[in-house]
Amino acid sequence: MQNKSGRELQVLGQLSKILLTVALIFIAWVWLLHFPWSWVLNTMIVMEIFAVAFVLLCEYQGREVNGASGWISFAYLILHAYVAVILGVMRLLLWLWQYVFAYFF
């Protein structure tokens with residue numbers, strides 16, 4: 001039988017797989033949007049590394065408090081959905097500016 005901390009570390013390992021999968025999907029989304037500036041993709045990659053590390057650190061520390069762990073993971077997932085939509089809208093507006101409005105001005 002596994003001890004308690006072994007199970008907690010196994011759960012954190014599974015959580016890290018989920019977080020890294022979401023981070024890779026988000027980075028792929030930013031790459032597919034093809035922003036005209038190279039710094040956008042590089043910035044997203046660095047931000048994702050820090051975000052995953054922050055979430056895992058918070059979840060690791062929150063494992064000792066009943067009811068405290070798990071909430072930051074949900075916030076991480078929900079905020080990624082919002083930011084993905086916002087980036088899509090921003091890219092659409094940028095595309096409109098590049099191809100429609102810039103044509104007339």
# chains A, B, ... in the order shown; residues from 1 in each chain; ligands from 1
>>> residues_around(residues="segment 61-66 of chain A", least_positions_apart="5", cutoff="10 Å", atoms="only C-alpha atoms", output="list in words")
Ser5, Glu8, Leu9, Leu12, Val55, Leu56, Trp71 and Ile72 of chain A
>>> closest_residue(among="A:Leu19, A:Met47, A:Leu87, A:Val52", to="Leu33 of chain A", atoms="only C-alpha atoms")
A:Leu87
>>> atom_distance(atom1="atom CA of Lys17 of chain A", atom2="atom CA of Ala81 of chain A")
17.8 Å
>>> closest_residue(among="A:Val46, A:Gly6, A:Ile27, A:Thr21", to="Val83 of chain A", atoms="only C-alpha atoms")
A:Ile27
